[in-house]
file upload02.cif (mmCIF, C-alpha atoms; chains and numbers go by the auth columns)
data_coords
loop_
_atom_site.group_PDB
_atom_site.id
_atom_site.type_symbol
_atom_site.label_atom_id
_atom_site.label_comp_id
_atom_site.label_asym_id
_atom_site.label_seq_id
_atom_site.Cartn_x
_atom_site.Cartn_y
_atom_site.Cartn_z
_atom_site.B_iso_or_equiv
_atom_site.auth_seq_id
_atom_site.auth_asym_id
ATOM 1 C CA MET A 1 -5.870 -15.000 -4.966 0.00 1 J
ATOM 2 C CA ALA A 2 -8.673 -15.722 -2.503 0.00 2 J
ATOM 3 C CA LYS A 3 -10.772 -18.869 -2.759 0.00 3 J
ATOM 4 C CA LEU A 4 -14.503 -18.925 -3.356 0.00 4 J
ATOM 5 C CA GLU A 5 -15.114 -21.397 -0.522 0.00 5 J
ATOM 6 C CA ASN A 6 -13.871 -18.729 1.919 0.00 6 J
ATOM 7 C CA LEU A 7 -16.599 -16.324 0.795 0.00 7 J
ATOM 8 C CA GLU A 8 -20.175 -15.967 2.014 0.00 8 J
ATOM 9 C CA LEU A 9 -22.719 -15.039 -0.644 0.00 9 J
ATOM 10 C CA GLY A 10 -25.914 -13.182 0.143 0.00 10 J
ATOM 11 C CA ARG A 11 -28.128 -10.185 -0.365 0.00 11 J
ATOM 12 C CA ALA A 12 -26.570 -6.819 0.331 0.00 12 J
ATOM 13 C CA ARG A 13 -27.414 -5.082 3.595 0.00 13 J
ATOM 14 C CA LEU A 14 -28.085 -1.360 3.836 0.00 14 J
ATOM 15 C CA PRO A 15 -24.938 -0.682 5.923 0.00 15 J
ATOM 16 C CA GLU A 16 -22.900 -2.161 3.031 0.00 16 J
ATOM 17 C CA ALA A 17 -24.094 0.511 0.579 0.00 17 J
ATOM 18 C CA ALA A 18 -21.070 2.750 1.217 0.00 18 J
ATOM 19 C CA ARG A 19 -18.620 -0.107 0.587 0.00 19 J
ATOM 20 C CA ILE A 20 -20.432 -1.083 -2.625 0.00 20 J
ATOM 21 C CA ALA A 21 -20.478 2.554 -3.769 0.00 21 J
ATOM 22 C CA GLY A 22 -16.733 2.852 -3.152 0.00 22 J
ATOM 23 C CA MET A 23 -16.054 -0.309 -5.123 0.00 23 J
ATOM 24 C CA SER A 24 -18.207 0.987 -7.972 0.00 24 J
ATOM 25 C CA ARG A 25 -16.212 4.215 -7.975 0.00 25 J
ATOM 26 C CA ARG A 26 -12.835 2.434 -7.964 0.00 26 J
ATOM 27 C CA TRP A 27 -13.509 -0.462 -10.332 0.00 27 J
ATOM 28 C CA ILE A 28 -16.369 0.641 -12.604 0.00 28 J
ATOM 29 C CA GLU A 29 -16.886 4.407 -12.581 0.00 29 J
ATOM 30 C CA HIS A 30 -13.248 5.533 -12.353 0.00 30 J
ATOM 31 C CA GLY A 31 -12.696 8.591 -14.531 0.00 31 J
ATOM 32 C CA LEU A 32 -16.443 9.194 -14.894 0.00 32 J
ATOM 33 C CA THR A 33 -19.119 11.065 -12.995 0.00 33 J
ATOM 34 C CA TRP A 34 -19.835 9.023 -9.864 0.00 34 J
ATOM 35 C CA ARG A 35 -23.478 7.935 -10.217 0.00 35 J
ATOM 36 C CA TYR A 36 -23.686 5.025 -7.785 0.00 36 J
ATOM 37 C CA ARG A 37 -22.940 6.776 -4.512 0.00 37 J
ATOM 38 C CA ARG A 38 -24.011 5.399 -1.136 0.00 38 J
ATOM 39 C CA GLU A 39 -27.576 6.712 -1.326 0.00 39 J
ATOM 40 C CA GLN A 40 -28.133 5.448 -4.874 0.00 40 J
ATOM 41 C CA VAL A 41 -26.848 1.996 -3.866 0.00 41 J
ATOM 42 C CA ALA A 42 -29.069 2.051 -0.768 0.00 42 J
ATOM 43 C CA ASN A 43 -32.031 2.844 -3.031 0.00 43 J
ATOM 44 C CA GLN A 44 -31.103 -0.139 -5.203 0.00 44 J
ATOM 45 C CA ILE A 45 -30.959 -2.386 -2.122 0.00 45 J
ATOM 46 C CA ARG A 46 -34.434 -1.164 -1.065 0.00 46 J
ATOM 47 C CA ASN A 47 -35.966 -1.439 -4.557 0.00 47 J
ATOM 48 C CA PRO A 48 -38.150 -4.572 -4.839 0.00 48 J
ATOM 49 C CA GLU A 49 -37.435 -4.839 -8.577 0.00 49 J
ATOM 50 C CA THR A 50 -33.668 -4.779 -8.086 0.00 50 J
ATOM 51 C CA GLU A 51 -31.438 -7.393 -6.523 0.00 51 J
ATOM 52 C CA VAL A 52 -28.076 -6.470 -4.989 0.00 52 J
ATOM 53 C CA VAL A 53 -25.955 -9.480 -4.077 0.00 53 J
ATOM 54 C CA VAL A 54 -22.527 -9.591 -2.489 0.00 54 J
ATOM 55 C CA ALA A 55 -19.660 -11.911 -1.672 0.00 55 J
ATOM 56 C CA ARG A 56 -18.194 -11.313 1.782 0.00 56 J
ATOM 57 C CA ASP A 57 -14.880 -12.351 3.236 0.00 57 J
ATOM 58 C CA GLY A 58 -15.781 -12.234 6.903 0.00 58 J
ATOM 59 C CA GLU A 59 -17.688 -8.971 7.201 0.00 59 J
ATOM 60 C CA ILE A 60 -16.022 -7.273 4.221 0.00 60 J
ATOM 61 C CA VAL A 61 -17.801 -7.067 0.851 0.00 61 J
ATOM 62 C CA VAL A 62 -15.275 -8.153 -1.779 0.00 62 J
ATOM 63 C CA ALA A 63 -17.603 -8.497 -4.782 0.00 63 J
ATOM 64 C CA PHE A 64 -21.081 -7.304 -5.680 0.00 64 J
ATOM 65 C CA ALA A 65 -23.603 -7.324 -8.490 0.00 65 J
ATOM 66 C CA VAL A 66 -26.744 -5.280 -9.135 0.00 66 J
ATOM 67 C CA MET A 67 -29.516 -6.420 -11.470 0.00 67 J
ATOM 68 C CA GLU A 68 -32.746 -4.611 -12.297 0.00 68 J
ATOM 69 C CA PHE A 69 -35.682 -6.797 -13.308 0.00 69 J
ATOM 70 C CA GLN A 70 -38.288 -5.667 -15.826 0.00 70 J
ATOM 71 C CA PHE A 71 -40.808 -8.464 -15.385 0.00 71 J
ATOM 72 C CA ASP A 72 -43.406 -6.846 -17.663 0.00 72 J
ATOM 73 C CA VAL A 73 -41.071 -7.209 -20.662 0.00 73 J
ATOM 74 C CA ARG A 74 -39.285 -10.331 -19.344 0.00 74 J
ATOM 75 C CA ARG A 75 -35.884 -8.616 -19.431 0.00 75 J
ATOM 76 C CA ALA A 76 -33.219 -7.802 -16.873 0.00 76 J
ATOM 77 C CA HIS A 77 -30.378 -5.301 -16.872 0.00 77 J
ATOM 78 C CA LEU A 78 -27.104 -6.131 -15.158 0.00 78 J
ATOM 79 C CA VAL A 79 -26.340 -2.658 -13.858 0.00 79 J
ATOM 80 C CA LEU A 80 -23.061 -3.229 -11.994 0.00 80 J
ATOM 81 C CA LEU A 81 -20.698 -6.074 -11.180 0.00 81 J
ATOM 82 C CA ALA A 82 -17.326 -5.625 -9.520 0.00 82 J
ATOM 83 C CA VAL A 83 -14.796 -7.815 -7.751 0.00 83 J
ATOM 84 C CA GLU A 84 -11.866 -6.589 -5.672 0.00 84 J
ATOM 85 C CA PRO A 85 -8.591 -7.412 -7.505 0.00 85 J
ATOM 86 C CA ALA A 86 -7.379 -9.934 -4.896 0.00 86 J
ATOM 87 C CA TYR A 87 -10.607 -11.921 -5.413 0.00 87 J
ATOM 88 C CA ARG A 88 -10.731 -11.859 -9.204 0.00 88 J
ATOM 89 C CA ARG A 89 -10.563 -15.257 -10.889 0.00 89 J
ATOM 90 C CA SER A 90 -11.894 -16.843 -7.684 0.00 90 J
ATOM 91 C CA GLY A 91 -15.300 -17.482 -9.212 0.00 91 J
ATOM 92 C CA ALA A 92 -16.977 -14.782 -7.104 0.00 92 J
ATOM 93 C CA GLY A 93 -18.199 -12.678 -10.046 0.00 93 J
ATOM 94 C CA GLU A 94 -19.461 -15.695 -11.957 0.00 94 J
ATOM 95 C CA THR A 95 -21.222 -17.075 -8.873 0.00 95 J
ATOM 96 C CA LEU A 96 -22.945 -13.755 -8.181 0.00 96 J
ATOM 97 C CA PHE A 97 -24.080 -13.564 -11.800 0.00 97 J
ATOM 98 C CA HIS A 98 -25.496 -17.099 -11.683 0.00 98 J
ATOM 99 C CA TRP A 99 -27.358 -16.237 -8.466 0.00 99 J
ATOM 100 C CA LEU A 100 -29.025 -13.327 -10.275 0.00 100 J
ATOM 101 C CA GLU A 101 -29.636 -15.404 -13.391 0.00 101 J
ATOM 102 C CA LYS A 102 -31.472 -17.996 -11.292 0.00 102 J
ATOM 103 C CA ILE A 103 -33.755 -15.313 -9.841 0.00 103 J
ATOM 104 C CA ALA A 104 -34.373 -14.003 -13.350 0.00 104 J
ATOM 105 C CA ARG A 105 -35.288 -17.443 -14.687 0.00 105 J
ATOM 106 C CA ARG A 106 -37.698 -18.062 -11.825 0.00 106 J
ATOM 107 C CA GLY A 107 -39.361 -14.736 -12.601 0.00 107 J
ATOM 108 C CA GLY A 108 -39.872 -15.607 -16.264 0.00 108 J
ATOM 109 C CA ILE A 109 -37.087 -13.345 -17.529 0.00 109 J
ATOM 110 C CA THR A 110 -35.842 -14.449 -20.961 0.00 110 J
ATOM 111 C CA GLY A 111 -32.901 -12.113 -21.513 0.00 111 J
ATOM 112 C CA ILE A 112 -30.275 -10.099 -19.681 0.00 112 J
ATOM 113 C CA GLN A 113 -28.639 -6.981 -21.092 0.00 113 J
ATOM 114 C CA LEU A 114 -25.648 -4.907 -19.995 0.00 114 J
ATOM 115 C CA GLU A 115 -23.226 -2.211 -21.097 0.00 115 J
ATOM 116 C CA LEU A 116 -19.507 -1.993 -20.489 0.00 116 J
ATOM 117 C CA ARG A 117 -16.744 0.280 -21.639 0.00 117 J
ATOM 118 C CA ALA A 118 -16.023 -0.654 -25.235 0.00 118 J
ATOM 119 C CA ASP A 119 -12.274 -0.791 -24.554 0.00 119 J
ATOM 120 C CA ASN A 120 -12.580 -3.136 -21.544 0.00 120 J
ATOM 121 C CA GLY A 121 -11.390 -6.390 -23.087 0.00 121 J
ATOM 122 C CA GLY A 122 -11.189 -8.202 -19.752 0.00 122 J
ATOM 123 C CA ALA A 123 -14.827 -7.503 -18.898 0.00 123 J
ATOM 124 C CA ARG A 124 -15.912 -8.409 -22.417 0.00 124 J
ATOM 125 C CA ALA A 125 -14.146 -11.779 -22.175 0.00 125 J
ATOM 126 C CA PHE A 126 -15.702 -12.379 -18.742 0.00 126 J
ATOM 127 C CA TYR A 127 -19.218 -11.727 -20.035 0.00 127 J
ATOM 128 C CA GLU A 128 -18.674 -13.731 -23.211 0.00 128 J
ATOM 129 C CA GLY A 129 -17.682 -16.619 -20.942 0.00 129 J
ATOM 130 C CA LEU A 130 -21.093 -16.271 -19.266 0.00 130 J
ATOM 131 C CA GLY A 131 -22.876 -16.510 -22.626 0.00 131 J
ATOM 132 C CA PHE A 132 -23.250 -12.834 -23.523 0.00 132 J
ATOM 133 C CA ARG A 133 -22.765 -11.626 -27.068 0.00 133 J
ATOM 134 C CA ALA A 134 -22.030 -8.129 -28.327 0.00 134 J
ATOM 135 C CA THR A 135 -25.067 -6.433 -29.846 0.00 135 J
ATOM 136 C CA GLY A 136 -23.761 -2.963 -30.668 0.00 136 J
ATOM 137 C CA ILE A 137 -21.796 0.117 -29.743 0.00 137 J
ATOM 138 C CA ARG A 138 -23.366 3.067 -27.944 0.00 138 J
ATOM 139 C CA ARG A 139 -21.287 6.091 -28.873 0.00 139 J
ATOM 140 C CA ASP A 140 -20.272 8.475 -26.081 0.00 140 J
ATOM 141 C CA TYR A 141 -22.459 6.543 -23.627 0.00 141 J
ATOM 142 C CA TYR A 142 -20.329 7.278 -20.588 0.00 142 J
ATOM 143 C CA ASP A 143 -20.375 11.010 -19.765 0.00 143 J
ATOM 144 C CA GLY A 144 -20.294 11.817 -23.469 0.00 144 J
ATOM 145 C CA GLN A 145 -16.644 10.630 -23.429 0.00 145 J
ATOM 146 C CA GLN A 146 -16.468 6.883 -23.844 0.00 146 J
ATOM 147 C CA ASP A 147 -18.265 4.359 -25.975 0.00 147 J
ATOM 148 C CA ALA A 148 -20.135 1.436 -24.462 0.00 148 J
ATOM 149 C CA LEU A 149 -20.439 -2.048 -25.829 0.00 149 J
ATOM 150 C CA SER A 150 -23.959 -3.429 -25.399 0.00 150 J
ATOM 151 C CA MET A 151 -24.190 -7.139 -24.695 0.00 151 J
ATOM 152 C CA ASP A 152 -27.111 -9.514 -24.409 0.00 152 J
ATOM 153 C CA CYS A 153 -27.661 -13.014 -23.056 0.00 153 J
ATOM 154 C CA ALA A 154 -30.738 -15.151 -23.712 0.00 154 J
ATOM 155 C CA ILE A 155 -31.789 -17.341 -20.815 0.00 155 J
ATOM 156 C CA GLY A 156 -34.419 -20.035 -20.561 0.00 156 J
ATOM 157 C CA ARG A 157 -36.850 -20.903 -17.837 0.00 157 J
ATOM 158 C CA ALA A 158 -35.604 -22.525 -14.648 0.00 158 J
ATOM 159 C CA SER A 159 -35.760 -26.301 -14.712 0.00 159 J
ATOM 160 C CA GLU A 160 -36.342 -26.418 -10.959 0.00 160 J
#
call {"tool": "encode", "arguments": {"input": "upload02.cif", "output": "structure tokens"}}
result
Amino acid sequence: MAKLENLELGRARLPEAARIAGMSRRWIEHGLTWRYRREQVANQIRNPETEVVVARDGEIVVAFAVMEFQFDVRRAHLVLLAVEPAYRRSGAGETLFHWLEKIARRGGITGIQLELRADNGGARAFYEGLGFRATGIRRDYYDGQQDALSMDCAIGRASE
């Protein structure tokens, strides 16, 4: 397992869109229609209401997270979060989430929402550890084939 102190955290760069898209395909969208291809990820990186953050080992992206901010309703949607297997349990995913949470708090966001495959117990435990709670099942959410578990996390204002 890699160590968090060996990783550099930062905003995603446009040339990293292909790597992020590939990770999404392998670790999130496997077995489904591939929605977050290079161009879609590049659009997310360019979008001023979306933040794409990464953890790099040297020049290689080993973890990423994408959050869309809806400032008018004070909500955010964690769209994607993935960590390469060798870097799981290093703290990279949690650190990326907290980075995004901090941005959300500063922007007056009061809640974060996400969906994950209903049968993904590992992801559910990860998000519960971050303070998320299950709010419902969305039947056939993924390509009309798989159910999604909706989760929600209330956050307060930044104390900084």
call {"tool": "resolve_selection", "arguments": {"input": "upload02.cif", "expression": "the PyMOL selection byres ((chain J and resi 17) around 9)", "output": "PDB file with C-alpha atoms, in the frame of the given file"}}
result
ATOM      1  CA  ALA J  12     -26.570  -6.819   0.331  1.00  0.00           C
ATOM      2  CA  ARG J  13     -27.414  -5.082   3.595  1.00  0.00           C
ATOM      3  CA  LEU J  14     -28.085  -1.360   3.836  1.00  0.00           C
ATOM      4  CA  PRO J  15     -24.938  -0.682   5.923  1.00  0.00           C
ATOM      5  CA  GLU J  16     -22.900  -2.161   3.031  1.00  0.00           C
ATOM      6  CA  ALA J  18     -21.070   2.750   1.217  1.00  0.00           C
ATOM      7  CA  ARG J  19     -18.620  -0.107   0.587  1.00  0.00           C
ATOM      8  CA  ILE J  20     -20.432  -1.083  -2.625  1.00  0.00           C
ATOM      9  CA  ALA J  21     -20.478   2.554  -3.769  1.00  0.00           C
ATOM     10  CA  GLY J  22     -16.733   2.852  -3.152  1.00  0.00           C
ATOM     11  CA  ARG J  37     -22.940   6.776  -4.512  1.00  0.00           C
ATOM     12  CA  ARG J  38     -24.011   5.399  -1.136  1.00  0.00           C
ATOM     13  CA  GLU J  39     -27.576   6.712  -1.326  1.00  0.00           C
ATOM     14  CA  GLN J  40     -28.133   5.448  -4.874  1.00  0.00           C
ATOM     15  CA  VAL J  41     -26.848   1.996  -3.866  1.00  0.00           C
ATOM     16  CA  ALA J  42     -29.069   2.051  -0.768  1.00  0.00           C
ATOM     17  CA  ILE J  45     -30.959  -2.386  -2.122  1.00  0.00           C
TER      18      ILE J  45
END
call {"tool": "axis_aligned_box", "arguments": {"input": "upload02.cif", "around": "stretch 144-152 of chain J", "padding_each_side": "5 Å", "output": "JSON"}}
result
{"center_x": -21.8, "center_y": 1.2, "center_z": -24.7, "size_x": 20.6, "size_y": 31.3, "size_z": 12.5}
call {"tool": "atom_distance", "arguments": {"input": "upload02.cif", "atom1": "atom CA of J:Ile60", "atom2": "atom CA of J:Phe126"}}
result
23.5 Å
call {"tool": "resolve_selection", "arguments": {"input": "upload02.cif", "expression": "the PyMOL selection byres ((chain J and resi 134) around 7)", "output": "list in words"}}
result
Phe132, Arg133, Thr135, Gly136, Leu149, Ser150, Met151 and Asp152 of chain J
call {"tool": "closest_residue", "arguments": {"input": "upload02.cif", "among": "J:Gly93, J:Gly144, J:Gly107, J:Gly156", "to": "J:Ala65", "atoms": "all atoms listed in the file"}}
result
J:Gly93
call {"tool": "build_atoms", "arguments": {"input": "upload02.cif", "residues": "stretch 4-19 of chain J", "atoms": "N, CA, C and O atoms", "output": "mmCIF file, keeping the file's coordinate frame"}}
result
data_model
loop_
_atom_site.group_PDB
_atom_site.id
_atom_site.type_symbol
_atom_site.label_atom_id
_atom_site.label_comp_id
_atom_site.auth_asym_id
_atom_site.auth_seq_id
_atom_site.Cartn_x
_atom_site.Cartn_y
_atom_site.Cartn_z
ATOM 1 N N LEU J 4 -13.058 -19.100 -3.450
ATOM 2 C CA LEU J 4 -14.503 -18.925 -3.356
ATOM 3 C C LEU J 4 -15.071 -19.565 -2.102
ATOM 4 O O LEU J 4 -15.966 -19.013 -1.466
ATOM 5 N N GLU J 5 -14.551 -20.721 -1.699
ATOM 6 C CA GLU J 5 -15.114 -21.397 -0.522
ATOM 7 C C GLU J 5 -14.930 -20.592 0.760
ATOM 8 O O GLU J 5 -15.576 -20.859 1.764
ATOM 9 N N ASN J 6 -14.059 -19.591 0.754
ATOM 10 C CA ASN J 6 -13.871 -18.729 1.919
ATOM 11 C C ASN J 6 -14.863 -17.567 1.948
ATOM 12 O O ASN J 6 -14.858 -16.788 2.890
ATOM 13 N N LEU J 7 -15.686 -17.457 0.907
ATOM 14 C CA LEU J 7 -16.599 -16.324 0.795
ATOM 15 C C LEU J 7 -18.030 -16.727 1.129
ATOM 16 O O LEU J 7 -18.464 -17.836 0.827
ATOM 17 N N GLU J 8 -18.744 -15.797 1.741
ATOM 18 C CA GLU J 8 -20.175 -15.967 2.014
ATOM 19 C C GLU J 8 -20.930 -15.138 0.989
ATOM 20 O O GLU J 8 -20.632 -13.960 0.785
ATOM 21 N N LEU J 9 -21.907 -15.739 0.339
ATOM 22 C CA LEU J 9 -22.719 -15.039 -0.644
ATOM 23 C C LEU J 9 -24.067 -14.708 -0.034
ATOM 24 O O LEU J 9 -24.609 -15.491 0.752
ATOM 25 N N GLY J 10 -24.605 -13.545 -0.379
ATOM 26 C CA GLY J 10 -25.914 -13.182 0.143
ATOM 27 C C GLY J 10 -26.389 -11.853 -0.395
ATOM 28 O O GLY J 10 -25.688 -11.178 -1.154
ATOM 29 N N ARG J 11 -27.575 -11.484 0.015
ATOM 30 C CA ARG J 11 -28.128 -10.185 -0.365
ATOM 31 C C ARG J 11 -27.377 -9.087 0.378
ATOM 32 O O ARG J 11 -26.979 -9.265 1.521
ATOM 33 N N ALA J 12 -27.235 -7.968 -0.295
ATOM 34 C CA ALA J 12 -26.570 -6.819 0.331
ATOM 35 C C ALA J 12 -27.433 -6.261 1.457
ATOM 36 O O ALA J 12 -28.667 -6.298 1.405
ATOM 37 N N ARG J 13 -26.760 -5.733 2.460
ATOM 38 C CA ARG J 13 -27.414 -5.082 3.595
ATOM 39 C C ARG J 13 -27.225 -3.573 3.460
ATOM 40 O O ARG J 13 -26.202 -3.112 2.941
ATOM 41 N N LEU J 14 -28.174 -2.815 3.955
ATOM 42 C CA LEU J 14 -28.085 -1.360 3.836
ATOM 43 C C LEU J 14 -26.765 -0.784 4.342
ATOM 44 O O LEU J 14 -26.195 0.094 3.685
ATOM 45 N N PRO J 15 -26.217 -1.247 5.478
ATOM 46 C CA PRO J 15 -24.938 -0.682 5.923
ATOM 47 C C PRO J 15 -23.778 -0.946 4.944
ATOM 48 O O PRO J 15 -22.737 -0.298 5.045
ATOM 49 N N GLU J 16 -23.956 -1.862 4.007
ATOM 50 C CA GLU J 16 -22.900 -2.161 3.031
ATOM 51 C C GLU J 16 -22.943 -1.242 1.810
ATOM 52 O O GLU J 16 -22.067 -1.294 0.953
ATOM 53 N N ALA J 17 -23.937 -0.368 1.736
ATOM 54 C CA ALA J 17 -24.094 0.511 0.579
ATOM 55 C C ALA J 17 -22.856 1.379 0.337
ATOM 56 O O ALA J 17 -22.433 1.565 -0.808
ATOM 57 N N ALA J 18 -22.260 1.897 1.388
ATOM 58 C CA ALA J 18 -21.070 2.750 1.217
ATOM 59 C C ALA J 18 -19.910 1.957 0.635
ATOM 60 O O ALA J 18 -19.190 2.446 -0.246
ATOM 61 N N ARG J 19 -19.701 0.740 1.110
ATOM 62 C CA ARG J 19 -18.620 -0.107 0.587
ATOM 63 C C ARG J 19 -18.856 -0.427 -0.892
ATOM 64 O O ARG J 19 -17.940 -0.363 -1.705
#
